[in-house]
Amino acid sequence: METLSFEFPAGQPAQSRALVGCVGSGDLEVLLEPGQAGTLAIQVVTSVNGSAPRWQLLFERMFREQQLPALNISIHDFGATPGVVRLRLEQGLEELNHG
Amino acid sequence: MTTAQEQRGLHWFQALTGAAQPQQGLPASLRVADGELAGQAVRYIAVIADANNPFPRARNGEVGLLEGWGLAQAVDEAIEADRGNPHKRALIAIVDVPSQAYGRREEAYGIHQALAGAVDAYARARLAGHAVIGLLVGKAMSGAFLAHGYQANRLIALSDAGVMVHAMGKAAAARITLRSVDELEALAASVPPMAYDLDNYASLGLLSEVLDVEQVTQPTAADLACVQDALSRALAAIAGSPRDLRNRLGAANRAASTQVREALRAQW
Amino acid sequence: MAEQDIARLLAQRSFTELGARERARALLDAGSFRELLDPFARLMSPWLPKQGIVPQADDGVVVAKGLIDGQPAVVIAIEGAFQGGSLGEVGGAKIAGALELAAEDNRNGTPSRAVLLLETGGVRLQEANLGLAAIAEIQAAIVELREFQPVIGLVAGPVGCFGGMSIAAGLCSYLLVTREARLGLNGPQVIEQEAGLDEYDSRDRPFIWSLTGGEQRYASGLVDGYVSDDVEAIRGELHGLFGQGKPAQERSRRHAWFLERLRAVDTSVQADAAAVRSAYQGA
């Protein structure tokens, strides 16, 4: 298990919070909450050691396409594939807009 | 040798009950007798090995179908006998239970329900005002301990390597959590709730007293006096206390149990 | 298939496909769900990270207050997908604490009732003795609360209900199961390890379901209701049972009846489903 931290530029703080997923096999839990203006802060606790470059790459790709609101995101990962991670993050962001 | 094979439970039962006549009409794997302690009526209850137990997976002192329902009967009879009496006899569970019974018959006939019967009776007795004490003289394992002892107002343990509280034996726990026994022991050394020794268990705040005795398997007169004193102290403490289990909270190694309750209450 | 059956099937909403939080929401009256110590409270296991295991923000237990059939209720749901629904210190304290507060409500004149959604292997071995202690407190709280109002347990699947929590299930005023449910004290693997393959083959799924599955438990009188995997059916069953009030005598109080039946069992032969149904006829 390891704990990783990431930061990306962001817009104004989000207006709500959201939770998606579960710390089950091959899945992850994502908690999204309003953050400090201008900052998207992500903390990842993952069962997979040595995965920091993979997370970095995945986040960079995702956030290159869109400027996100300022958020604190906590991830509890139980060995999810990048596809599942991306899906859960998108679900979470979607819920923020409708929650 | 397991603590049950040493017949710790039986020996302590005999020492504590003396010449009292055991109750009839119960499964042969139970010993139940009434007596008096510090001027109060008490009922002593032990589960013992019965080589002729009709259920073959419950012959070494395990708590199985007959034992669970039999404990329920022994406790319920005390509740009924003392109904309407302001002085409720105390119930002293002498705990030396290596495990619940593991077997096909047990699962098929609903051992979970039999153990629920025992838990139900002990909990109702406590709520009805019977003082309930768990006296740990040997193993107190998992479902067997839940059924026989863990509903007590107070838990008292003898200080001995054979007195052990746990959710699962070491070998099985290692297999289920995909670790070696060595790895499990290394973790247990730094994680108190996983440890198998009594000192670590005591650090969780669940015991009201730990007693040093000379001969844990065959109590001496001094050992008996020491345990009787402790039981008397517990009876006095219980008399002035709430009937729930909140006295088990408060240890530093169990801080989250208190924190969760306080936070729940604040949001209730 | 009759047209109305097809229509009914199409209208069904699976309960077992829902996570713990959505299960709790589905059973409470619409709009009344309010979660306590939700994941954002971050009361997580202090013990799992020490062992290199990723925790979950709610420790796998959802406590939600609301209304059931217009009456105050608390629904407690265990998330079977996290660590097999095992109970550690925090999750166990959430359940025990909620039941204790519901009992306190009743003593103060508020008739709070409780539903337990049991998807659990029992004690979380990584928190062994704290899980076991919490389960003893959950059991104590069930016995206390059910003196006031029914406590209803539901084992829906897919995890089933085992270990110390199966004993807790046995203490409930009423117990409901689905076809996918299993209910037993010891998990099949542990029995096989302790007693051998001849005694219990943990890989023989039909054998295990035949003894511990929901249908068998219902046919043997060890549970009170056998429900389909459908949200509305389960809600209806809950409303009906709460409407009945407390049972005349809880199953866990019937030691005389069970001892009489067990003494008549021929224990020289192994048990099978038919023998149990026959022994417990009229339960």
# chains A, B, ... in the order shown; residues from 1 in each chain; ligands from 1
>>> residues_around(residues="range 215-217 of chain C", least_positions_apart="3", cutoff="12 Å", atoms="only C-alpha atoms", output="PyMOL selection string")
(chain B and resi 107-110+112-113) or (chain C and resi 155-156+170+175-184+206-212+220-228+272-278+280-281+283)
>>> write_last_selection(atoms="C-alpha atoms", output="PDB file, in the first residue's frame")
ATOM      1  CA  GLU B 107     -24.403 -25.928   9.974  1.00  0.00           C
ATOM      2  CA  ALA B 108     -27.360 -27.960   8.747  1.00  0.00           C
ATOM      3  CA  TYR B 109     -29.266 -27.805  12.033  1.00  0.00           C
ATOM      4  CA  GLY B 110     -28.447 -24.136  12.539  1.00  0.00           C
ATOM      5  CA  HIS B 112     -25.838 -20.066  14.596  1.00  0.00           C
ATOM      6  CA  GLN B 113     -29.348 -20.177  16.004  1.00  0.00           C
TER       7      GLN B 113
ATOM      8  CA  VAL C 155     -29.691 -11.515   4.173  1.00  0.00           C
ATOM      9  CA  ALA C 156     -29.977 -10.810   0.471  1.00  0.00           C
ATOM     10  CA  GLY C 170     -30.417 -15.355  14.977  1.00  0.00           C
ATOM     11  CA  LEU C 175     -35.218 -12.653   9.575  1.00  0.00           C
ATOM     12  CA  LEU C 176     -35.687 -12.451   5.802  1.00  0.00           C
ATOM     13  CA  VAL C 177     -33.672 -14.174   3.107  1.00  0.00           C
ATOM     14  CA  THR C 178     -33.573 -14.351  -0.665  1.00  0.00           C
ATOM     15  CA  ARG C 179     -32.735 -17.356  -2.796  1.00  0.00           C
ATOM     16  CA  GLU C 180     -29.189 -16.067  -3.128  1.00  0.00           C
ATOM     17  CA  ALA C 181     -28.682 -15.769   0.633  1.00  0.00           C
ATOM     18  CA  ARG C 182     -26.660 -18.126   2.754  1.00  0.00           C
ATOM     19  CA  LEU C 183     -26.794 -18.182   6.514  1.00  0.00           C
ATOM     20  CA  GLY C 184     -24.448 -20.189   8.713  1.00  0.00           C
ATOM     21  CA  PRO C 206     -25.008 -27.106  -4.627  1.00  0.00           C
ATOM     22  CA  PHE C 207     -24.220 -28.991  -1.389  1.00  0.00           C
ATOM     23  CA  ILE C 208     -23.548 -25.766   0.510  1.00  0.00           C
ATOM     24  CA  TRP C 209     -26.699 -24.072  -0.781  1.00  0.00           C
ATOM     25  CA  SER C 210     -28.751 -27.171  -0.019  1.00  0.00           C
ATOM     26  CA  LEU C 211     -27.820 -26.853   3.665  1.00  0.00           C
ATOM     27  CA  THR C 212     -27.374 -23.133   4.261  1.00  0.00           C
ATOM     28  CA  SER C 220     -36.659 -25.435   7.946  1.00  0.00           C
ATOM     29  CA  GLY C 221     -38.283 -22.568   9.815  1.00  0.00           C
ATOM     30  CA  LEU C 222     -34.949 -20.941  10.642  1.00  0.00           C
ATOM     31  CA  VAL C 223     -36.029 -17.690   9.002  1.00  0.00           C
ATOM     32  CA  ASP C 224     -39.366 -15.922   8.763  1.00  0.00           C
ATOM     33  CA  GLY C 225     -39.611 -14.849   5.160  1.00  0.00           C
ATOM     34  CA  TYR C 226     -38.334 -15.883   1.755  1.00  0.00           C
ATOM     35  CA  VAL C 227     -38.406 -12.904  -0.585  1.00  0.00           C
ATOM     36  CA  SER C 228     -37.630 -12.379  -4.223  1.00  0.00           C
ATOM     37  CA  ASP C 272     -28.901 -33.527   4.774  1.00  0.00           C
ATOM     38  CA  ALA C 273     -31.481 -30.957   3.800  1.00  0.00           C
ATOM     39  CA  ALA C 274     -34.452 -33.320   4.025  1.00  0.00           C
ATOM     40  CA  ALA C 275     -33.528 -34.536   7.511  1.00  0.00           C
ATOM     41  CA  VAL C 276     -33.333 -30.967   8.783  1.00  0.00           C
ATOM     42  CA  ARG C 277     -36.681 -29.999   7.232  1.00  0.00           C
ATOM     43  CA  SER C 278     -38.262 -33.045   8.779  1.00  0.00           C
ATOM     44  CA  TYR C 280     -37.792 -28.900  12.330  1.00  0.00           C
ATOM     45  CA  GLN C 281     -41.279 -29.411  10.929  1.00  0.00           C
ATOM     46  CA  ALA C 283     -41.048 -24.571  13.584  1.00  0.00           C
TER      47      ALA C 283
END
>>> residues_around(residues="Asn200 in chain B", least_positions_apart="4", cutoff="10 Å", atoms="only C-alpha atoms", output="list in words")
Ala188, Ala189, Ser190, Val191, Pro192, Pro193, Met194, Ala195, Tyr196, Leu204, Gly205 and Asn253 of chain B; Asn129 of chain C
>>> residues_around(residues="Ala77 in chain C", least_positions_apart="4", cutoff="10 Å", atoms="only C-alpha atoms", output="PDB file with N, CA and C atoms, in the first residue's frame")
ATOM      1  N   GLY C  19     -25.496  -1.392  -4.059  1.00  0.00           N
ATOM      2  CA  GLY C  19     -24.511  -1.306  -2.981  1.00  0.00           C
ATOM      3  C   GLY C  19     -25.220  -1.018  -1.660  1.00  0.00           C
ATOM      4  N   ALA C  20     -24.454  -1.050  -0.583  1.00  0.00           N
ATOM      5  CA  ALA C  20     -25.042  -0.907   0.745  1.00  0.00           C
ATOM      6  C   ALA C  20     -25.828   0.397   0.892  1.00  0.00           C
ATOM      7  N   ARG C  21     -25.270   1.498   0.398  1.00  0.00           N
ATOM      8  CA  ARG C  21     -25.910   2.809   0.573  1.00  0.00           C
ATOM      9  C   ARG C  21     -27.232   2.869  -0.185  1.00  0.00           C
ATOM     10  N   GLU C  22     -27.218   2.317  -1.390  1.00  0.00           N
ATOM     11  CA  GLU C  22     -28.441   2.340  -2.196  1.00  0.00           C
ATOM     12  C   GLU C  22     -29.480   1.368  -1.646  1.00  0.00           C
ATOM     13  N   ARG C  23     -29.019   0.285  -1.047  1.00  0.00           N
ATOM     14  CA  ARG C  23     -29.967  -0.630  -0.393  1.00  0.00           C
ATOM     15  C   ARG C  23     -30.693   0.093   0.742  1.00  0.00           C
ATOM     16  N   ALA C  24     -29.913   0.804   1.558  1.00  0.00           N
ATOM     17  CA  ALA C  24     -30.534   1.509   2.687  1.00  0.00           C
ATOM     18  C   ALA C  24     -31.529   2.544   2.178  1.00  0.00           C
ATOM     19  N   ARG C  25     -31.108   3.265   1.128  1.00  0.00           N
ATOM     20  CA  ARG C  25     -31.988   4.294   0.566  1.00  0.00           C
ATOM     21  C   ARG C  25     -33.271   3.673   0.018  1.00  0.00           C
ATOM     22  N   GLY C  60     -17.138   0.385   5.423  1.00  0.00           N
ATOM     23  CA  GLY C  60     -18.006  -0.693   4.940  1.00  0.00           C
ATOM     24  C   GLY C  60     -19.351  -0.808   5.640  1.00  0.00           C
ATOM     25  N   VAL C  61     -19.715   0.216   6.417  1.00  0.00           N
ATOM     26  CA  VAL C  61     -21.017   0.187   7.087  1.00  0.00           C
ATOM     27  C   VAL C  61     -21.746   1.504   6.845  1.00  0.00           C
ATOM     28  N   VAL C  62     -22.986   1.410   6.417  1.00  0.00           N
ATOM     29  CA  VAL C  62     -23.829   2.577   6.186  1.00  0.00           C
ATOM     30  C   VAL C  62     -24.916   2.612   7.260  1.00  0.00           C
ATOM     31  N   VAL C  63     -24.996   3.725   7.962  1.00  0.00           N
ATOM     32  CA  VAL C  63     -26.059   3.914   8.955  1.00  0.00           C
ATOM     33  C   VAL C  63     -26.942   5.038   8.445  1.00  0.00           C
ATOM     34  N   ALA C  64     -28.213   4.748   8.227  1.00  0.00           N
ATOM     35  CA  ALA C  64     -29.118   5.765   7.691  1.00  0.00           C
ATOM     36  C   ALA C  64     -30.394   5.827   8.504  1.00  0.00           C
ATOM     37  N   GLY C  85     -17.345  -7.762   3.662  1.00  0.00           N
ATOM     38  CA  GLY C  85     -18.351  -7.372   4.647  1.00  0.00           C
ATOM     39  C   GLY C  85     -17.907  -7.634   6.079  1.00  0.00           C
ATOM     40  N   ILE C  95     -22.515   0.044  13.980  1.00  0.00           N
ATOM     41  CA  ILE C  95     -23.734  -0.765  14.110  1.00  0.00           C
ATOM     42  C   ILE C  95     -24.207  -0.789  15.563  1.00  0.00           C
ATOM     43  N   VAL C 115     -33.546  -1.994  10.879  1.00  0.00           N
ATOM     44  CA  VAL C 115     -33.358  -3.037   9.864  1.00  0.00           C
ATOM     45  C   VAL C 115     -31.859  -3.242   9.683  1.00  0.00           C
ATOM     46  N   LEU C 116     -31.435  -4.492   9.704  1.00  0.00           N
ATOM     47  CA  LEU C 116     -30.024  -4.824   9.496  1.00  0.00           C
ATOM     48  C   LEU C 116     -29.876  -5.539   8.162  1.00  0.00           C
ATOM     49  N   LEU C 117     -29.027  -4.994   7.299  1.00  0.00           N
ATOM     50  CA  LEU C 117     -28.760  -5.641   6.022  1.00  0.00           C
ATOM     51  C   LEU C 117     -27.425  -6.357   6.141  1.00  0.00           C
ATOM     52  N   LEU C 118     -27.496  -7.673   6.226  1.00  0.00           N
ATOM     53  CA  LEU C 118     -26.361  -8.483   6.649  1.00  0.00           C
ATOM     54  C   LEU C 118     -25.681  -9.146   5.458  1.00  0.00           C
ATOM     55  N   GLU C 119     -24.558  -8.574   5.061  1.00  0.00           N
ATOM     56  CA  GLU C 119     -23.704  -9.178   4.018  1.00  0.00           C
ATOM     57  C   GLU C 119     -22.330  -9.254   4.633  1.00  0.00           C
ATOM     58  N   LEU C 154     -32.065  -8.845   7.241  1.00  0.00           N
ATOM     59  CA  LEU C 154     -32.256  -9.305   5.867  1.00  0.00           C
ATOM     60  C   LEU C 154     -30.912  -9.767   5.319  1.00  0.00           C
TER      61      LEU C 154
END
>>> atom_distance(atom1="CA of Pro111 in chain C", atom2="CA of Pro247 in chain C")
16.2 Å
>>> residues_around(residues="Asp27 in chain A", least_positions_apart="4", cutoff="7 Å", atoms="only C-alpha atoms", output="list in words")
Gly21, Cys22, Val23, Asp77, Phe78, Gly79, Ala80 and Val84 of chain A
>>> residues_around(residues="Glu106 in chain B", least_positions_apart="3", cutoff="10 Å", atoms="only C-alpha atoms", output="list in words")
Phe55, Pro56, Arg57, Ala58, Gly64, Leu65, Leu66, Gln100, Ala101, Tyr102, Gly103, Tyr109, Gly110, Ile111, His112 and Ala114 of chain B; Gly184, Leu185, Asn186 and Ala271 of chain C
>>> write_last_selection(atoms="C-alpha atoms", output="mmCIF file, in the first residue's frame")
data_model
loop_
_atom_site.group_PDB
_atom_site.id
_atom_site.type_symbol
_atom_site.label_atom_id
_atom_site.label_comp_id
_atom_site.auth_asym_id
_atom_site.auth_seq_id
_atom_site.Cartn_x
_atom_site.Cartn_y
_atom_site.Cartn_z
ATOM 1 C CA PHE B 55 -22.665 -34.679 17.890
ATOM 2 C CA PRO B 56 -19.171 -35.938 16.996
ATOM 3 C CA ARG B 57 -17.747 -32.512 16.189
ATOM 4 C CA ALA B 58 -18.526 -31.257 19.698
ATOM 5 C CA GLY B 64 -22.217 -26.778 19.437
ATOM 6 C CA LEU B 65 -25.938 -27.225 18.936
ATOM 7 C CA LEU B 66 -26.740 -28.878 22.267
ATOM 8 C CA GLN B 100 -17.524 -23.433 18.282
ATOM 9 C CA ALA B 101 -18.210 -26.831 16.700
ATOM 10 C CA TYR B 102 -17.204 -27.036 13.036
ATOM 11 C CA GLY B 103 -19.245 -29.617 11.172
ATOM 12 C CA TYR B 109 -29.266 -27.805 12.033
ATOM 13 C CA GLY B 110 -28.447 -24.136 12.539
ATOM 14 C CA ILE B 111 -25.643 -23.842 15.089
ATOM 15 C CA HIS B 112 -25.838 -20.066 14.596
ATOM 16 C CA ALA B 114 -28.296 -22.360 18.957
ATOM 17 C CA GLY C 184 -24.448 -20.189 8.713
ATOM 18 C CA LEU C 185 -22.017 -19.857 11.582
ATOM 19 C CA ASN C 186 -18.851 -21.105 9.939
ATOM 20 C CA ALA C 271 -27.175 -34.454 7.998
#
>>> select_by_dssp(residues="chain A", states="alpha helix (DSSP H)", output="ChimeraX atom specification")
/A:52-64,82-98
>>> interface_residues(of="chain C", to="chain B", cutoff="6 Å", atoms="only C-alpha atoms", output="list in words")
Ala93, Gly97, Glu127, Ala128, Asn129, Leu130, Ala140, Gly164, Ser166, Ile167, Gly170, Leu171, Gly184, Leu185, Ile191, Glu199, Leu211, Ser252, Arg253, His255 and Ala271 of chain C
>>> write_last_selection(atoms="C-alpha atoms", output="JSON list (two decimals), in the first residue's frame")
[["chain", "number", "residue", "atom", "x", "y", "z"],
["C", 93, "ALA", "CA", -19.09, 0.45, 16.59],
["C", 97, "GLY", "CA", -23.83, 2.55, 18.50],
["C", 127, "GLU", "CA", -8.93, -6.38, 13.69],
["C", 128, "ALA", "CA", -9.75, -9.70, 15.28],
["C", 129, "ASN", "CA", -10.48, -9.05, 18.94],
["C", 130, "LEU", "CA", -11.96, -5.62, 18.35],
["C", 140, "ALA", "CA", -26.40, -6.99, 23.29],
["C", 164, "GLY", "CA", -20.56, -13.84, 14.84],
["C", 166, "SER", "CA", -24.96, -15.05, 11.93],
["C", 167, "ILE", "CA", -25.56, -15.25, 15.68],
["C", 170, "GLY", "CA", -30.42, -15.35, 14.98],
["C", 171, "LEU", "CA", -31.30, -12.73, 17.59],
["C", 184, "GLY", "CA", -24.45, -20.19, 8.71],
["C", 185, "LEU", "CA", -22.02, -19.86, 11.58],
["C", 191, "ILE", "CA", -15.14, -25.99, 8.16],
["C", 199, "GLU", "CA", -17.22, -33.41, 6.43],
["C", 211, "LEU", "CA", -27.82, -26.85, 3.67],
["C", 252, "SER", "CA", -33.65, -17.49, 19.91],
["C", 253, "ARG", "CA", -35.81, -18.02, 23.00],
["C", 255, "HIS", "CA", -34.47, -23.61, 23.55],
["C", 271, "ALA", "CA", -27.17, -34.45, 8.00]]
>>> interface_residues(of="chain A", to="chain C", cutoff="9 Å", atoms="only C-alpha atoms", output="list in words")
Met1, Glu2, Leu19, Cys22, Val23, Gly24, Ser25, Glu29, Leu31, Glu33, Val45, Thr46, Ser47, His76, Asp77 and Phe78 of chain A
>>> write_last_selection(atoms="N, CA and C atoms", output="PDB file, in the first residue's frame")
ATOM      1  N   MET A   1       0.836  -1.207   0.000  1.00  0.00           N
ATOM      2  CA  MET A   1       0.000   0.000   0.000  1.00  0.00           C
ATOM      3  C   MET A   1       0.862   1.245   0.000  1.00  0.00           C
ATOM      4  N   GLU A   2       0.485   2.262  -0.764  1.00  0.00           N
ATOM      5  CA  GLU A   2       1.192   3.540  -0.679  1.00  0.00           C
ATOM      6  C   GLU A   2       0.230   4.710  -0.853  1.00  0.00           C
ATOM      7  N   LEU A  19     -19.592  11.022  -4.123  1.00  0.00           N
ATOM      8  CA  LEU A  19     -18.893   9.772  -3.796  1.00  0.00           C
ATOM      9  C   LEU A  19     -19.278   8.735  -4.827  1.00  0.00           C
ATOM     10  N   CYS A  22     -16.337   1.819  -4.669  1.00  0.00           N
ATOM     11  CA  CYS A  22     -16.231   1.023  -3.461  1.00  0.00           C
ATOM     12  C   CYS A  22     -14.841   0.384  -3.464  1.00  0.00           C
ATOM     13  N   VAL A  23     -14.268   0.171  -2.292  1.00  0.00           N
ATOM     14  CA  VAL A  23     -12.937  -0.439  -2.213  1.00  0.00           C
ATOM     15  C   VAL A  23     -13.077  -1.960  -2.322  1.00  0.00           C
ATOM     16  N   GLY A  24     -13.608  -2.387  -3.465  1.00  0.00           N
ATOM     17  CA  GLY A  24     -13.734  -3.820  -3.721  1.00  0.00           C
ATOM     18  C   GLY A  24     -12.701  -4.236  -4.741  1.00  0.00           C
ATOM     19  N   SER A  25     -12.574  -5.525  -4.937  1.00  0.00           N
ATOM     20  CA  SER A  25     -11.563  -6.049  -5.838  1.00  0.00           C
ATOM     21  C   SER A  25     -11.661  -5.414  -7.224  1.00  0.00           C
ATOM     22  N   GLU A  29     -12.725   3.689  -4.652  1.00  0.00           N
ATOM     23  CA  GLU A  29     -13.680   4.642  -4.093  1.00  0.00           C
ATOM     24  C   GLU A  29     -13.122   6.029  -4.360  1.00  0.00           C
ATOM     25  N   LEU A  31     -13.843  10.121  -3.539  1.00  0.00           N
ATOM     26  CA  LEU A  31     -14.581  11.170  -2.837  1.00  0.00           C
ATOM     27  C   LEU A  31     -14.146  12.507  -3.418  1.00  0.00           C
ATOM     28  N   GLU A  33     -14.662  16.683  -3.158  1.00  0.00           N
ATOM     29  CA  GLU A  33     -15.171  17.764  -2.317  1.00  0.00           C
ATOM     30  C   GLU A  33     -14.618  19.091  -2.819  1.00  0.00           C
ATOM     31  N   VAL A  45      -4.679   6.571  -2.119  1.00  0.00           N
ATOM     32  CA  VAL A  45      -4.178   5.463  -1.308  1.00  0.00           C
ATOM     33  C   VAL A  45      -4.432   4.209  -2.135  1.00  0.00           C
ATOM     34  N   THR A  46      -3.365   3.526  -2.500  1.00  0.00           N
ATOM     35  CA  THR A  46      -3.535   2.397  -3.415  1.00  0.00           C
ATOM     36  C   THR A  46      -2.856   1.138  -2.901  1.00  0.00           C
ATOM     37  N   SER A  47      -3.450   0.010  -3.228  1.00  0.00           N
ATOM     38  CA  SER A  47      -2.877  -1.275  -2.830  1.00  0.00           C
ATOM     39  C   SER A  47      -1.711  -1.668  -3.727  1.00  0.00           C
ATOM     40  N   HIS A  76      -9.410   5.785  -2.810  1.00  0.00           N
ATOM     41  CA  HIS A  76      -8.981   4.543  -2.154  1.00  0.00           C
ATOM     42  C   HIS A  76      -9.067   3.446  -3.205  1.00  0.00           C
ATOM     43  N   ASP A  77      -7.915   2.999  -3.648  1.00  0.00           N
ATOM     44  CA  ASP A  77      -7.850   2.117  -4.821  1.00  0.00           C
ATOM     45  C   ASP A  77      -7.508   0.687  -4.419  1.00  0.00           C
ATOM     46  N   PHE A  78      -8.299  -0.246  -4.930  1.00  0.00           N
ATOM     47  CA  PHE A  78      -8.039  -1.656  -4.638  1.00  0.00           C
ATOM     48  C   PHE A  78      -7.704  -2.403  -5.925  1.00  0.00           C
TER      49      PHE A  78
END
>>> residues_around(residues="Arg243 in chain B", least_positions_apart="6", cutoff="9 Å", atoms="only C-alpha atoms", output="ChimeraX atom specification")
/B:126-131,153
>>> write_last_selection(atoms="N, CA and C atoms", output="mmCIF file, in the first residue's frame")
data_model
loop_
_atom_site.group_PDB
_atom_site.id
_atom_site.type_symbol
_atom_site.label_atom_id
_atom_site.label_comp_id
_atom_site.auth_asym_id
_atom_site.auth_seq_id
_atom_site.Cartn_x
_atom_site.Cartn_y
_atom_site.Cartn_z
ATOM 1 N N ARG B 126 -28.791 -10.336 32.026
ATOM 2 C CA ARG B 126 -28.116 -9.097 32.423
ATOM 3 C C ARG B 126 -29.099 -7.933 32.479
ATOM 4 N N LEU B 127 -29.957 -7.831 31.453
ATOM 5 C CA LEU B 127 -30.915 -6.721 31.408
ATOM 6 C C LEU B 127 -31.968 -6.848 32.510
ATOM 7 N N ALA B 128 -32.234 -8.102 32.925
ATOM 8 C CA ALA B 128 -33.233 -8.320 33.979
ATOM 9 C C ALA B 128 -32.658 -8.051 35.366
ATOM 10 N N GLY B 129 -31.355 -7.798 35.465
ATOM 11 C CA GLY B 129 -30.764 -7.468 36.748
ATOM 12 C C GLY B 129 -29.937 -8.571 37.379
ATOM 13 N N HIS B 130 -29.749 -9.680 36.658
ATOM 14 C CA HIS B 130 -28.788 -10.681 37.136
ATOM 15 C C HIS B 130 -27.386 -10.136 36.872
ATOM 16 N N ALA B 131 -26.517 -10.249 37.866
ATOM 17 C CA ALA B 131 -25.107 -9.936 37.597
ATOM 18 C C ALA B 131 -24.553 -11.099 36.787
ATOM 19 N N ASN B 153 -21.533 -8.655 32.391
ATOM 20 C CA ASN B 153 -21.282 -7.296 32.865
ATOM 21 C C ASN B 153 -19.784 -7.069 33.068
#
>>> residues_around(residues="Thr39 in chain A", least_positions_apart="6", cutoff="12 Å", atoms="only C-alpha atoms", output="list in words")
Phe6, Glu7, Phe8, Pro9, Ala10, Gly11, Gln12, Pro13, Ala14, Glu33, Gln67, Leu68, Pro69, Ala70, Leu71, Asn72 and Ile73 of chain A
>>> write_last_selection(atoms="C-alpha atoms", output="PDB file, in the first residue's frame")
ATOM      1  CA  PHE A   6      -0.947  15.087  -6.984  1.00  0.00           C
ATOM      2  CA  GLU A   7      -1.848  18.692  -7.823  1.00  0.00           C
ATOM      3  CA  PHE A   8      -3.204  20.252 -10.997  1.00  0.00           C
ATOM      4  CA  PRO A   9      -4.421  23.754 -11.910  1.00  0.00           C
ATOM      5  CA  ALA A  10      -8.170  24.228 -11.569  1.00  0.00           C
ATOM      6  CA  GLY A  11     -10.929  26.839 -11.655  1.00  0.00           C
ATOM      7  CA  GLN A  12     -13.269  28.038  -8.924  1.00  0.00           C
ATOM      8  CA  PRO A  13     -14.251  25.653  -6.077  1.00  0.00           C
ATOM      9  CA  ALA A  14     -16.889  23.059  -6.886  1.00  0.00           C
ATOM     10  CA  GLU A  33     -15.171  17.764  -2.317  1.00  0.00           C
ATOM     11  CA  GLN A  67     -10.280  22.530 -16.801  1.00  0.00           C
ATOM     12  CA  LEU A  68     -11.891  21.161 -13.651  1.00  0.00           C
ATOM     13  CA  PRO A  69     -13.360  23.076 -10.721  1.00  0.00           C
ATOM     14  CA  ALA A  70     -11.170  23.266  -7.610  1.00  0.00           C
ATOM     15  CA  LEU A  71     -11.541  19.957  -5.786  1.00  0.00           C
ATOM     16  CA  ASN A  72     -10.015  17.807  -3.135  1.00  0.00           C
ATOM     17  CA  ILE A  73     -10.235  14.269  -4.438  1.00  0.00           C
TER      18      ILE A  73
END
>>> atom_distance(atom1="CA of Ser5 in chain A", atom2="CA of Leu96 in chain A")
21.6 Å
>>> select_by_dssp(residues="range 120-209 of chain C", states="strand (DSSP E)", output="JSON, numbers by chain")
{"C": [151, 152, 153, 154, 155, 174, 175, 176, 177]}
>>> atom_distance(atom1="CA of Leu37 in chain B", atom2="CA of Leu91 in chain B")
11.0 Å
